[in-house]
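I have placed the structure first, in the form of C-alpha cells, so that the comments after it can refer back to it.
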There are 2 protein chains.
Amino acid sequence: MPLDAVRLDAESLLGRRQEVNAAGTIPHCVDNLGRTGVIANFQRLVGDVPGEFRGFWFADSDLYKTLEAIGWEMARTGTDRWDGLLSEVADLLEQVQTPNGYLNTRVQGTPGEEPFKHLEYSHELYCAGHLIQAAVAIHRGGRDPRFLAIARRFADLIVRTFDPGTGPLLDGHPEVETALIELYRETGEESYLRSAELQIERRGHRVLPAGHFGSQYAQDHLPVRAATEAIGHSVRQLYLAAGVTDLHLETGDETLLHAMEQLWDSAFGTKMYITGGHGSRHRDEAYGDPFELPPDRAYAETCASIAALQWCWRMLLATGQARYAEEMERALHNAIAASTSHDGTAFFYSNPLQLRTGHDGSHEDSPSERLPWYDCACCPPNLARLLASLHGYTATSDGSGLQLHLLTAGSFEAGPLTAVVETDYPWRGDVLVTIAGHGDLAVRIPSWAEGATVAVTAAEVLAEPAPGEYLRVSCQDGATVRLTLPMTPRLVRADRRTDAVRGCVAIQRGPIVYCVEQADLPDGVVIEQLSLDPSAAIVEEVAPDGVVRLRLSAVVSALDQTLYQPYQAASPTGTALTVTAIPYYTWANRGPGAMRVWLPLA
Amino acid sequence: MPLDAVRLDAESLLGRRQEVNAAGTIPHCVDNLGRTGVIANFQRLVGDVPGEFRGFWFADSDLYKTLEAIGWEMARTGTDRWDGLLSEVADLLEQVQTPNGYLNTRVQGTPGEEPFKHLEYSHELYCAGHLIQAAVAIHRGGRDPRFLAIARRFADLIVRTFDPGTGPLLDGHPEVETALIELYRETGEESYLRSAELQIERRGHRVLPAGHFGSQYAQDHLPVRAATEAIGHSVRQLYLAAGVTDLHLETGDETLLHAMEQLWDSAFGTKMYITGGHGSRHRDEAYGDPFELPPDRAYAETCASIAALQWCWRMLLATGQARYAEEMERALHNAIAASTSHDGTAFFYSNPLQLRTGHDGSHEDSPSERLPWYDCACCPPNLARLLASLHGYTATSDGSGLQLHLLTAGSFEAGPLTAVVETDYPWRGDVLVTIAGHGDLAVRIPSWAEGATVAVTAAEVLAEPAPGEYLRVSCQDGATVRLTLPMTPRLVRADRRTDAVRGCVAIQRGPIVYCVEQADLPDGVVIEQLSLDPSAAIVEEVAPDGVVRLRLSAVVSALDQTLYQPYQAASPTGTALTVTAIPYYTWANRGPGAMRVWLPLA
C-alpha cells in the first residue's frame, strides 16, 4: 500500500512504538553514528578529520540503516527534523563516491585495499544494499533525490562488475538481493533485477572461501533450491530467503517459492523460539539442529527477527496465507519488542528467554540488561528502519478492497474503501472496523483465536472467522464489522523434541508471550524454586498503562543441594505462592535479575 | 609414587587403555606431527625444509605433548621404539633454541615477530610449559638428558625475563605454572617455583588486553584468591587451578587452598556434566552460568576433562579427600574414555551428551563421529600423555602404607607393603587385595556404593567401607581384603536448576554412565520418541568382551506435529519397547547416529 494510506493510532501499541522510535531510537542512532566514528569514516575521506577507519567492515551500514529510518519517518510524519543531516550526508557521499560509483569507507580508507577483493567477509555488497534501501526510502518519501542517484551509480557498478561471471562473485552476507530488487521496483531498471538474480543463482556453489564456520555461515553450502533446511548464520539465511522470495515475486519462478516454503517450514516449524526469535547458537550466530532451542542460550538476534518478519511479509505477498502474517505478529510483539527499552534508547542484540540466577552479564554477548549501543551495532538502526516503516506491514490492498494482517487501531485507505479500526488489541479482543466506501474486507484471525465471533452491519460475511484464516466481509458504505477474539491466557507447550523446555509451559495471552521476573518475587525466593500449577486459574490484572499482567499459582520448592543424585519417584513438595507474569517484551526494565519464559510444571 | 611402583593389569579396563594408547594413539600422534607440519616448523628453522610456519600459534605444543607421552611410555614399558625420534628431536630443539634459551617456531619462523610481544594470544609460555613437562617425563624415565637441559635453558629465560615486574607479564593461556613447579620438583631449583608463583599472583589484575571474549577468557578477570566461580575458557581455568593447587602444595599457603576449594565446588558442584565434562559453551570454549548444562551443546572439551583430572589429583594430594578421586574416576571412565575410538586413532574434541536426529555434523566443531585429527589438535596428544602416565594417578603411598584411589586390577608397591589387586571393576564389584609385607591399606569407596561390604583375613578393619570415604585396613603379611561394591544400575537425576535435562534421568552402573544410541533401535523408531519407565527393572547383559550393557523398558510415543501447541494435562501414550543402553564411552563406534545420555521419563 502507498506509504500515506495507512496511519496507526498513536495510542495503539504499535503506533506508540513508532512514536518512541521517532522520539528516542532514531535520534539515539544519529548520536551514535557521530560518537562511534561512522560519520567520521566518511569525513576523513574528504579530508575533514584525521585518523584511521574505525569500526567493523560494515560500519557504513549503520549510517545507511539510520538514513533509511529517517526516510520512512519523513514520509510518515513529514518531519523536517533531519533535512540538514540528509543534506550534509548527501554532500559527503557524493564526494566520497568514486567516479565509477564505488563507495565504501573501509576499503577506500585503508591503504592497500581494493574493492571486492575480500567479499567473503568485506560486506561491501551488504553495505551497498543498505545504501540502496536508504535511497529508496528517501526517494519514496519525495526527499533529496541525490541519494537515489548515488545508489544507482553504485548499483550500476555492481551490474557491470558482477555480471560477466568472472572476478568477484558473491558477498558473504546476503542483503543486496532484496535491495537491488527494490531498486528495480523503484526505477524499472531491469538490470538490477537480473543482478539480484545472478547473486541468488550463484549462491550455494561454495565459491566463497569457507572460513572458520564453514560454507553454511555465508549461505554458500547449497544452491537456494536445494537449501531447504534453515542453517548457518541466521540473519544471512533470512535475508537471503527474503531476496529469493522477492525474486519469485518479480519473476514468478515457482521452483523458488517451493524451496522457500520448505525452508520456511524448517525455520518456523523446527527452529523458532516461541518469542519469534531465530538462531540458537552464539558461536556462529547460527541456527542449531531441529528443536535445539535452549531458552538460556537463545541467541535470537534482534536482526534475525527483523529479517524473519521481512521474509514473512514477502511470503504473505506471494501466497496470501495467514500463517506468514501470524509469525510477523509473533516476532513484532515479542522478540522484536523485547529488544528495545521503553524509551527506545537501549537494546538487546541477543534476546534470551531465560536469565539464570547468578548469570554473568559482564560481556555484551549476553548482558543482563539492554545496552545503549554495541561494538557491532547492526541491531539498533535496523530496529529504527523497521519501526519507521511498520505501518507498511500491517495491511495490503487489491482492486477489491483491504486485507488487514496485523491487528491494530488505525486508518487504512485501500482504493474503493477506507477502514477505521478501533481496538485496544492486543490487550483486549474487541476490534471494530468502520468502512467508508465499499468493497471487500479481510481480517486475519489468529490461529489461537478459537471461538472468535463477528457481528456486522451493512455488510455480508463471506467467510466466517476461522482460526488461522481470514474473516472475509463484503462491505457497503458505512458498514461496521465487530470482531471479538477470545483473550483467555493460554498455557503452551513445545514439541517434545524441544528438550530444553521439557516439563515446562509458556504463557500466552493473545499474541503476547509472558515471563516471570525475579523482581516480582518476594525476598528469599529465587526464580529457580518456582513451578507452576497448571490447573489453577490465571487472573488478569490491568495496569494503568493498559498492559495486562497475569497472576499465576506457583509452588515454591527447596533448592537441591547436590548436582547429581538418585532419582526418586516422589515430586518435590513446596508452598503455594501467587506470582506475577509480565509481557516478555517488558522484561529487564527494573535492573538486572533472573527471568523465565518457560516455567516448570508442578 | 615412583613410576615403576604401579603396574596396571593389561586386561583391566584402564590397563587396556594404556595398551591402546601405546599401540594406537602415540604412533598416530607421531604420524600427524609429520603430516600437519609440526616437525617441519622446526626443520625449517635449521634450513631443512622450505615454506612458511604452519598451524596455530601453539603448534609446538603438539610435539611437546607427544614427547611427554613418549617419555612416560618409555618409563612404563622400557620400549626403545622412540629412541631414534627422541634423538632427532633433541638435535632439532638444540639447533633451534636461541643462545638465550628461547624456543618457539611460530615466533622464530615469522619475519618481524619478537618473543613475548603478544602473550595474550601467543601461547609462548603455554608451549614452554609443555616443553618442560615433556622434559621432566623423559628425564624421570632416565632417557636423553638433553631435553631437561633445553627445558631448563628456556625456564631460566622465563625466570630472567618475567621476574622484574616490567615488560611481559602473563601468558593468556595458563599452563606454565604446573610445569615450572614440576621442574622445581625435578631439579630443586627454587627460582622455578618463584616464577610460577609470580605468574599466579599476577593473574587476575586485567593486565592482558581483554580480547573479543573478555578478561575471563584468559583467566585475568579476578585474582586467584577472589576468583572462586569457575568461569571463562574451561581448559585455561582448570590448568590455572592445577597450578594454584601445586603452589599451595609447595608453599603451604592455605589461602590458596581455600580459594581452590570454593572454585572446585563451583566447577564440580554446579557446572560439570554427569560424564565429567566441563564447559558448556562452544562460543568461547567456556563454562556457562551455574546449572547451564545443555547435553546437546555440551562443549565438554576432552582437554578440559584431562585438566580437571589433573586438578583433582592435586586437590587429592592436598587434602586426602575421596571426592577428588571420585571425580577423577568419573571423568576417566566417561568423558575422557568417550573421546577416543576403540583403536585409539580417532577422537572427539568436544564430547556432547546428546546427538539429535538430523544433527548437522559437517563441521569439526560438532562432528557426528570421532575424527582422526583436528585443525586445533590439542586433545589427541593430551590424551596420549595422560594415558601413558595413568597408572601414576591410581594410588599414593606414605610411610604407613598404600592408598588406592582408582579401583583397577594391578600391582602396587608402597614402602612397607605390596598390594596385588584382582578385580573386573568397573564391570563387577568384587575387589580382592592381597598384601605382601605389612602396613595400612586405604581403599576409596565410591559415594554411590551404599551397602559395600568387606571381608578380611590377617588384617584389622580400622574404618568400615562408608560411601564417599576410605575403607582403612591394617594389614599383616599375606593379608587379604575382599571388598564388594553393589553394582546395581541406578537412575540419576540432576539438580532441578539444570533445566536442559528436566524430567529426564541418566543411567549409571558403578562409575559408568550409559547412553542409548539410534543404532540399537528398530527401524521406524527415532530416539526422540523414547521415554523411560522408571519403575521397570533394568536387566544386565554381559557382552563377550566383558562390557555390561543394560536393557531398559521404554515407551515409544508418536512425534508431535506442531512446534508450539496448547498444553494438556494428559501424557502421551505409546507402545512398550525394550531398548539397549551402552556405556557412554562406547558411543559413535557404529557410524553416525542420534544418541542420548539423559532419557525423558514416561
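Simple scheme: letters A, B, ... for chains in C-alpha cells order, numbers from 1 for residues in each chain, numbers from 1 for ligands in the order shown.
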Self-check item: Surrounding residues of range 70-78 of chain A excluding itself and chain neighbours under 5 positions, 7 Å, only C-alpha atoms, as a VMD selection string
Solution: chain A and resid 4 134 137 to 138 141 388 to 389
Expected file: the selected residues, all heavy atoms, as a PDB file, in the first residue's frame:
```pdb
ATOM      1  N   ASP A   4       1.328   6.613   2.538  1.00  0.00           N
ATOM      2  CA  ASP A   4       0.416   7.506   3.271  1.00  0.00           C
ATOM      3  C   ASP A   4      -0.989   6.925   3.379  1.00  0.00           C
ATOM      4  O   ASP A   4      -1.907   7.604   3.825  1.00  0.00           O
ATOM      5  CB  ASP A   4       0.381   8.890   2.615  1.00  0.00           C
ATOM      6  CG  ASP A   4       0.034   8.798   1.136  1.00  0.00           C
ATOM      7  OD1 ASP A   4      -0.196   7.668   0.641  1.00  0.00           O
ATOM      8  OD2 ASP A   4       0.019   9.852   0.477  1.00  0.00           O
ATOM      9  N   ALA A 134      18.196   2.673   1.758  1.00  0.00           N
ATOM     10  CA  ALA A 134      18.036   4.035   2.286  1.00  0.00           C
ATOM     11  C   ALA A 134      17.593   4.979   1.182  1.00  0.00           C
ATOM     12  O   ALA A 134      16.673   5.798   1.360  1.00  0.00           O
ATOM     13  CB  ALA A 134      19.352   4.510   2.903  1.00  0.00           C
ATOM     14  N   ALA A 137      13.971   4.533   0.309  1.00  0.00           N
ATOM     15  CA  ALA A 137      13.079   5.091   1.335  1.00  0.00           C
ATOM     16  C   ALA A 137      13.004   6.610   1.214  1.00  0.00           C
ATOM     17  O   ALA A 137      11.918   7.203   1.279  1.00  0.00           O
ATOM     18  CB  ALA A 137      13.574   4.689   2.733  1.00  0.00           C
ATOM     19  N   ILE A 138      14.168   7.229   1.041  1.00  0.00           N
ATOM     20  CA  ILE A 138      14.193   8.691   0.948  1.00  0.00           C
ATOM     21  C   ILE A 138      13.484   9.155  -0.338  1.00  0.00           C
ATOM     22  O   ILE A 138      12.718  10.111  -0.334  1.00  0.00           O
ATOM     23  CB  ILE A 138      15.655   9.198   1.003  1.00  0.00           C
ATOM     24  CG1 ILE A 138      16.243   8.921   2.394  1.00  0.00           C
ATOM     25  CG2 ILE A 138      15.732  10.699   0.678  1.00  0.00           C
ATOM     26  CD1 ILE A 138      17.758   9.058   2.482  1.00  0.00           C
ATOM     27  N   GLY A 141       9.731   8.850  -0.149  1.00  0.00           N
ATOM     28  CA  GLY A 141       9.175   9.939   0.643  1.00  0.00           C
ATOM     29  C   GLY A 141       9.309  11.297  -0.040  1.00  0.00           C
ATOM     30  O   GLY A 141       8.917  12.309   0.538  1.00  0.00           O
ATOM     31  N   ALA A 388      10.002   2.613  11.689  1.00  0.00           N
ATOM     32  CA  ALA A 388       9.563   3.785  10.925  1.00  0.00           C
ATOM     33  C   ALA A 388       8.674   3.374   9.747  1.00  0.00           C
ATOM     34  O   ALA A 388       7.847   4.156   9.285  1.00  0.00           O
ATOM     35  CB  ALA A 388      10.773   4.574  10.435  1.00  0.00           C
ATOM     36  N   SER A 389       8.842   2.140   9.290  1.00  0.00           N
ATOM     37  CA  SER A 389       8.041   1.669   8.152  1.00  0.00           C
ATOM     38  C   SER A 389       6.994   0.643   8.566  1.00  0.00           C
ATOM     39  O   SER A 389       6.384  -0.004   7.721  1.00  0.00           O
ATOM     40  CB  SER A 389       8.970   1.054   7.094  1.00  0.00           C
ATOM     41  OG  SER A 389       9.701  -0.031   7.645  1.00  0.00           O
TER      42      SER A 389
END
```
Quiz item: Mind listing as a list in words which residues of chain A are within 6 Å of chain B, counting only C-alpha atoms?
Solution: Gly269, His282, Arg283, Asp289, His359, Leu491, Val492, Arg493, Ala494, Asp495, Ala500, Asp560, Leu563, Tyr564, Gln565, Pro566 and Tyr567 of chain A
Practice problem: Run DSSP on the backbone and give me the residues of range 186-254 of chain A it puts in alpha helix (DSSP H), as number ranges by chain. | Solution: A: 186-187, 190-202, 234-251, 254
Selected residues written out with N, CA, C and O atoms, as a CSV table (one decimal), in the first residue's frame:
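Printed below is result.csv as written:
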```
chain,number,residue,atom,x,y,z
A,186,GLU,N,11.6,0.5,-7.9
A,186,GLU,CA,11.5,1.9,-7.8
A,186,GLU,C,11.9,2.6,-9.1
A,186,GLU,O,11.3,3.7,-9.4
A,187,THR,N,12.7,2.0,-9.9
A,187,THR,CA,13.2,2.6,-11.1
A,187,THR,C,12.8,2.0,-12.4
A,187,THR,O,12.9,2.6,-13.4
A,190,GLU,N,15.7,-3.0,-15.3
A,190,GLU,CA,15.6,-4.4,-15.2
A,190,GLU,C,17.0,-5.0,-14.8
A,190,GLU,O,17.1,-6.1,-14.3
A,191,SER,N,18.1,-4.3,-15.2
A,191,SER,CA,19.4,-4.9,-14.9
A,191,SER,C,19.6,-5.1,-13.4
A,191,SER,O,20.4,-6.0,-13.0
A,192,TYR,N,18.9,-4.3,-12.6
A,192,TYR,CA,19.0,-4.5,-11.1
A,192,TYR,C,18.4,-5.8,-10.7
A,192,TYR,O,18.9,-6.6,-9.9
A,193,LEU,N,17.3,-6.1,-11.3
A,193,LEU,CA,16.6,-7.4,-11.0
A,193,LEU,C,17.5,-8.6,-11.5
A,193,LEU,O,17.7,-9.5,-10.8
A,194,ARG,N,18.1,-8.4,-12.6
A,194,ARG,CA,19.0,-9.5,-13.2
A,194,ARG,C,20.2,-9.7,-12.3
A,194,ARG,O,20.7,-10.8,-12.1
A,195,SER,N,20.7,-8.6,-11.8
A,195,SER,CA,21.9,-8.7,-10.9
A,195,SER,C,21.6,-9.4,-9.6
A,195,SER,O,22.3,-10.2,-9.2
A,196,ALA,N,20.4,-9.1,-9.1
A,196,ALA,CA,20.0,-9.8,-7.9
A,196,ALA,C,19.8,-11.3,-8.2
A,196,ALA,O,20.2,-12.2,-7.4
A,197,GLU,N,19.2,-11.6,-9.4
A,197,GLU,CA,19.0,-13.0,-9.7
A,197,GLU,C,20.4,-13.7,-9.9
A,197,GLU,O,20.5,-14.8,-9.4
A,198,LEU,N,21.3,-13.0,-10.4
A,198,LEU,CA,22.7,-13.6,-10.6
A,198,LEU,C,23.3,-13.9,-9.2
A,198,LEU,O,23.8,-15.0,-9.0
A,199,GLN,N,23.2,-13.0,-8.3
A,199,GLN,CA,23.7,-13.3,-7.0
A,199,GLN,C,23.0,-14.5,-6.3
A,199,GLN,O,23.6,-15.3,-5.7
A,200,ILE,N,21.7,-14.6,-6.5
A,200,ILE,CA,21.0,-15.7,-5.9
A,200,ILE,C,21.3,-17.0,-6.6
A,200,ILE,O,21.5,-18.0,-5.9
A,201,GLU,N,21.5,-17.0,-7.9
A,201,GLU,CA,21.7,-18.3,-8.6
A,201,GLU,C,23.2,-18.7,-8.3
A,201,GLU,O,23.5,-19.9,-8.4
A,202,ARG,N,24.1,-17.8,-8.1
A,202,ARG,CA,25.5,-18.1,-7.8
A,202,ARG,C,25.7,-18.7,-6.4
A,202,ARG,O,26.6,-19.4,-6.1
A,234,SER,N,22.0,-16.9,11.1
A,234,SER,CA,20.5,-16.8,10.9
A,234,SER,C,20.1,-15.6,10.1
A,234,SER,O,19.2,-15.6,9.3
A,235,VAL,N,20.8,-14.5,10.4
A,235,VAL,CA,20.4,-13.2,9.7
A,235,VAL,C,20.7,-13.4,8.2
A,235,VAL,O,19.9,-13.0,7.3
A,236,ARG,N,21.9,-14.0,7.9
A,236,ARG,CA,22.2,-14.2,6.4
A,236,ARG,C,21.2,-15.1,5.8
A,236,ARG,O,20.8,-14.9,4.7
A,237,GLN,N,20.8,-16.2,6.5
A,237,GLN,CA,19.8,-17.1,6.0
A,237,GLN,C,18.5,-16.4,5.7
A,237,GLN,O,17.9,-16.6,4.6
A,238,LEU,N,18.1,-15.6,6.6
A,238,LEU,CA,16.8,-14.9,6.5
A,238,LEU,C,16.8,-13.8,5.5
A,238,LEU,O,15.8,-13.6,4.7
A,239,TYR,N,17.8,-13.0,5.4
A,239,TYR,CA,17.9,-12.0,4.3
A,239,TYR,C,17.9,-12.7,3.0
A,239,TYR,O,17.3,-12.2,2.0
A,240,LEU,N,18.7,-13.8,2.9
A,240,LEU,CA,18.8,-14.5,1.6
A,240,LEU,C,17.4,-14.9,1.2
A,240,LEU,O,16.9,-14.8,0.0
A,241,ALA,N,16.7,-15.5,2.2
A,241,ALA,CA,15.3,-16.0,1.9
A,241,ALA,C,14.4,-14.9,1.4
A,241,ALA,O,13.6,-15.1,0.5
A,242,ALA,N,14.5,-13.8,2.0
A,242,ALA,CA,13.7,-12.6,1.6
A,242,ALA,C,14.0,-12.2,0.2
A,242,ALA,O,13.1,-12.0,-0.6
A,243,GLY,N,15.3,-12.3,-0.2
A,243,GLY,CA,15.7,-12.0,-1.5
A,243,GLY,C,15.2,-13.0,-2.5
A,243,GLY,O,14.7,-12.6,-3.6
A,244,VAL,N,15.3,-14.2,-2.2
A,244,VAL,CA,14.8,-15.3,-3.1
A,244,VAL,C,13.3,-15.1,-3.3
A,244,VAL,O,12.8,-15.3,-4.4
A,245,THR,N,12.6,-14.8,-2.2
A,245,THR,CA,11.1,-14.7,-2.3
A,245,THR,C,10.8,-13.4,-3.1
A,245,THR,O,9.9,-13.5,-4.0
A,246,ASP,N,11.6,-12.4,-3.0
A,246,ASP,CA,11.4,-11.2,-3.9
A,246,ASP,C,11.6,-11.6,-5.3
A,246,ASP,O,10.9,-11.1,-6.2
A,247,LEU,N,12.6,-12.4,-5.6
A,247,LEU,CA,12.9,-12.8,-7.0
A,247,LEU,C,11.7,-13.6,-7.5
A,247,LEU,O,11.3,-13.4,-8.7
A,248,HIS,N,11.2,-14.5,-6.7
A,248,HIS,CA,9.9,-15.2,-7.1
A,248,HIS,C,8.8,-14.2,-7.4
A,248,HIS,O,8.1,-14.4,-8.4
A,249,LEU,N,8.6,-13.2,-6.5
A,249,LEU,CA,7.6,-12.3,-6.7
A,249,LEU,C,7.7,-11.5,-8.1
A,249,LEU,O,6.7,-11.2,-8.7
A,250,GLU,N,8.9,-11.3,-8.5
A,250,GLU,CA,9.1,-10.5,-9.7
A,250,GLU,C,9.2,-11.4,-10.9
A,250,GLU,O,8.8,-10.9,-12.0
A,251,THR,N,9.6,-12.6,-10.8
A,251,THR,CA,9.8,-13.5,-12.0
A,251,THR,C,8.8,-14.6,-12.1
A,251,THR,O,8.6,-15.2,-13.1
A,254,GLU,N,8.3,-20.6,-9.9
A,254,GLU,CA,7.6,-21.4,-8.8
A,254,GLU,C,8.6,-22.3,-8.1
A,254,GLU,O,8.3,-22.7,-6.9
```
Exercise. For CA of Pro372 in chain B and CA of His205 in chain A, determine how far apart the two atoms are, in Å to one decimal place.
Key: 27.1 Å
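CA of Glu326 in chain B lies 25.9 Å from CA of Ala479 in chain B.
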Quiz item: Within 9 Å of range 467-478 of chain B, counting only C-alpha atoms, which residues qualify if same-chain residues fewer than 5 places away don't, as a PyMOL selection string?
Solution: chain B and resi 321-323+326+403-405+417+434-452+454+456-462
Selection above as a file: N, CA and C atoms, as a JSON list (two decimals), in the first residue's frame:
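To be explicit, this is the file written out as out19.json:
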```json
[["chain", "number", "residue", "atom", "x", "y", "z"],
["B", 321, "GLN", "N", 40.98, -36.08, 50.42],
["B", 321, "GLN", "CA", 39.53, -36.33, 50.41],
["B", 321, "GLN", "C", 39.10, -37.14, 49.19],
["B", 322, "ALA", "N", 38.23, -38.11, 49.48],
["B", 322, "ALA", "CA", 37.83, -39.07, 48.45],
["B", 322, "ALA", "C", 37.09, -38.43, 47.29],
["B", 323, "ARG", "N", 36.40, -37.32, 47.55],
["B", 323, "ARG", "CA", 35.59, -36.75, 46.47],
["B", 323, "ARG", "C", 36.43, -36.35, 45.26],
["B", 326, "GLU", "N", 37.02, -39.44, 43.32],
["B", 326, "GLU", "CA", 35.78, -39.88, 42.68],
["B", 326, "GLU", "C", 35.54, -39.12, 41.37],
["B", 403, "GLN", "N", 47.41, -46.04, 49.56],
["B", 403, "GLN", "CA", 46.05, -45.55, 49.37],
["B", 403, "GLN", "C", 45.64, -45.77, 47.92],
["B", 404, "LEU", "N", 44.61, -46.59, 47.74],
["B", 404, "LEU", "CA", 44.11, -46.86, 46.39],
["B", 404, "LEU", "C", 42.97, -45.90, 46.09],
["B", 405, "HIS", "N", 43.17, -45.07, 45.07],
["B", 405, "HIS", "CA", 42.16, -44.05, 44.75],
["B", 405, "HIS", "C", 41.30, -44.44, 43.56],
["B", 417, "LEU", "N", 54.70, -52.23, 52.03],
["B", 417, "LEU", "CA", 53.86, -53.32, 51.53],
["B", 417, "LEU", "C", 53.71, -53.28, 50.03],
["B", 434, "THR", "N", 45.45, -58.45, 47.83],
["B", 434, "THR", "CA", 46.34, -59.35, 48.57],
["B", 434, "THR", "C", 47.62, -58.61, 48.90],
["B", 435, "ILE", "N", 48.00, -58.67, 50.17],
["B", 435, "ILE", "CA", 49.10, -57.84, 50.67],
["B", 435, "ILE", "C", 50.33, -58.70, 50.95],
["B", 436, "ALA", "N", 51.47, -58.22, 50.49],
["B", 436, "ALA", "CA", 52.74, -58.77, 50.96],
["B", 436, "ALA", "C", 53.42, -57.66, 51.75],
["B", 437, "GLY", "N", 54.10, -58.03, 52.82],
["B", 437, "GLY", "CA", 54.60, -57.01, 53.74],
["B", 437, "GLY", "C", 53.48, -56.63, 54.69],
["B", 438, "HIS", "N", 53.62, -55.50, 55.33],
["B", 438, "HIS", "CA", 52.54, -55.10, 56.24],
["B", 438, "HIS", "C", 52.46, -53.59, 56.32],
["B", 439, "GLY", "N", 51.29, -53.16, 56.73],
["B", 439, "GLY", "CA", 51.07, -51.72, 56.80],
["B", 439, "GLY", "C", 49.61, -51.42, 56.61],
["B", 440, "ASP", "N", 49.32, -50.14, 56.41],
["B", 440, "ASP", "CA", 47.92, -49.72, 56.28],
["B", 440, "ASP", "C", 47.53, -49.64, 54.81],
["B", 441, "LEU", "N", 46.32, -50.10, 54.58],
["B", 441, "LEU", "CA", 45.75, -50.02, 53.24],
["B", 441, "LEU", "C", 44.50, -49.15, 53.30],
["B", 442, "ALA", "N", 44.40, -48.21, 52.39],
["B", 442, "ALA", "CA", 43.17, -47.43, 52.28],
["B", 442, "ALA", "C", 42.61, -47.66, 50.87],
["B", 443, "VAL", "N", 41.33, -47.94, 50.81],
["B", 443, "VAL", "CA", 40.68, -48.14, 49.51],
["B", 443, "VAL", "C", 39.48, -47.21, 49.44],
["B", 444, "ARG", "N", 39.42, -46.41, 48.39],
["B", 444, "ARG", "CA", 38.31, -45.47, 48.26],
["B", 444, "ARG", "C", 37.01, -46.19, 47.94],
["B", 445, "ILE", "N", 35.97, -45.87, 48.69],
["B", 445, "ILE", "CA", 34.63, -46.41, 48.44],
["B", 445, "ILE", "C", 33.83, -45.32, 47.74],
["B", 446, "PRO", "N", 33.38, -45.59, 46.52],
["B", 446, "PRO", "CA", 32.65, -44.54, 45.79],
["B", 446, "PRO", "C", 31.39, -44.11, 46.54],
["B", 447, "SER", "N", 30.98, -42.90, 46.31],
["B", 447, "SER", "CA", 29.85, -42.36, 47.07],
["B", 447, "SER", "C", 28.53, -43.06, 46.72],
["B", 448, "TRP", "N", 28.48, -43.69, 45.54],
["B", 448, "TRP", "CA", 27.26, -44.41, 45.16],
["B", 448, "TRP", "C", 27.20, -45.81, 45.75],
["B", 449, "ALA", "N", 28.26, -46.26, 46.44],
["B", 449, "ALA", "CA", 28.37, -47.66, 46.83],
["B", 449, "ALA", "C", 27.73, -47.92, 48.19],
["B", 450, "GLU", "N", 26.50, -47.50, 48.32],
["B", 450, "GLU", "CA", 25.73, -47.78, 49.54],
["B", 450, "GLU", "C", 25.59, -49.29, 49.68],
["B", 451, "GLY", "N", 26.00, -49.83, 50.82],
["B", 451, "GLY", "CA", 25.88, -51.27, 51.02],
["B", 451, "GLY", "C", 27.14, -52.04, 50.66],
["B", 452, "ALA", "N", 28.24, -51.35, 50.47],
["B", 452, "ALA", "CA", 29.50, -52.05, 50.21],
["B", 452, "ALA", "C", 29.90, -52.86, 51.45],
["B", 454, "VAL", "N", 32.94, -55.64, 53.33],
["B", 454, "VAL", "CA", 34.36, -56.01, 53.33],
["B", 454, "VAL", "C", 34.56, -57.29, 54.15],
["B", 456, "VAL", "N", 38.01, -59.55, 55.55],
["B", 456, "VAL", "CA", 39.48, -59.53, 55.59],
["B", 456, "VAL", "C", 40.01, -60.79, 56.23],
["B", 457, "THR", "N", 41.24, -61.13, 55.87],
["B", 457, "THR", "CA", 42.00, -62.13, 56.62],
["B", 457, "THR", "C", 43.34, -61.50, 56.94],
["B", 458, "ALA", "N", 43.88, -61.84, 58.07],
["B", 458, "ALA", "CA", 45.18, -61.32, 58.52],
["B", 458, "ALA", "C", 45.20, -59.80, 58.48],
["B", 459, "ALA", "N", 44.10, -59.21, 58.85],
["B", 459, "ALA", "CA", 44.01, -57.75, 58.78],
["B", 459, "ALA", "C", 42.95, -57.26, 59.75],
["B", 460, "GLU", "N", 43.05, -56.00, 60.10],
["B", 460, "GLU", "CA", 42.08, -55.38, 61.00],
["B", 460, "GLU", "C", 41.45, -54.17, 60.31],
["B", 461, "VAL", "N", 40.13, -54.16, 60.30],
["B", 461, "VAL", "CA", 39.44, -53.04, 59.65],
["B", 461, "VAL", "C", 39.42, -51.85, 60.61],
["B", 462, "LEU", "N", 40.04, -50.75, 60.19],
["B", 462, "LEU", "CA", 40.10, -49.55, 61.04],
["B", 462, "LEU", "C", 38.92, -48.62, 60.76]]
```
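Residues within 8 Å of Phe412 in chain B, counting only C-alpha atoms and excluding same-chain residues fewer than 6 positions away, are Ala5, Val6, Arg7, Ala395, Thr418, Ala419 and Val420 of chain B.
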Quiz prompt | Spatial neighbours of His123 in chain B, max dist 10 Å, only C-alpha atoms, sep filter under 2 positions, as a PyMOL selection string | solution = chain B and resi 56-61+104+106+116+118-121+125-129+170-176
Exercise. Based on DSSP run over this structure's backbone, return all residues of range 317-497 of chain B in strand (DSSP E), as a PyMOL selection string.
Key: chain B and resi 354-355+395-398+401-404+410-414+417-423+430-437+439-444+453-463+470-484+490-494
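When CA of Gly591 in chain A is paired with CA of Pro522 in chain A, their separation reads 15.7 Å.
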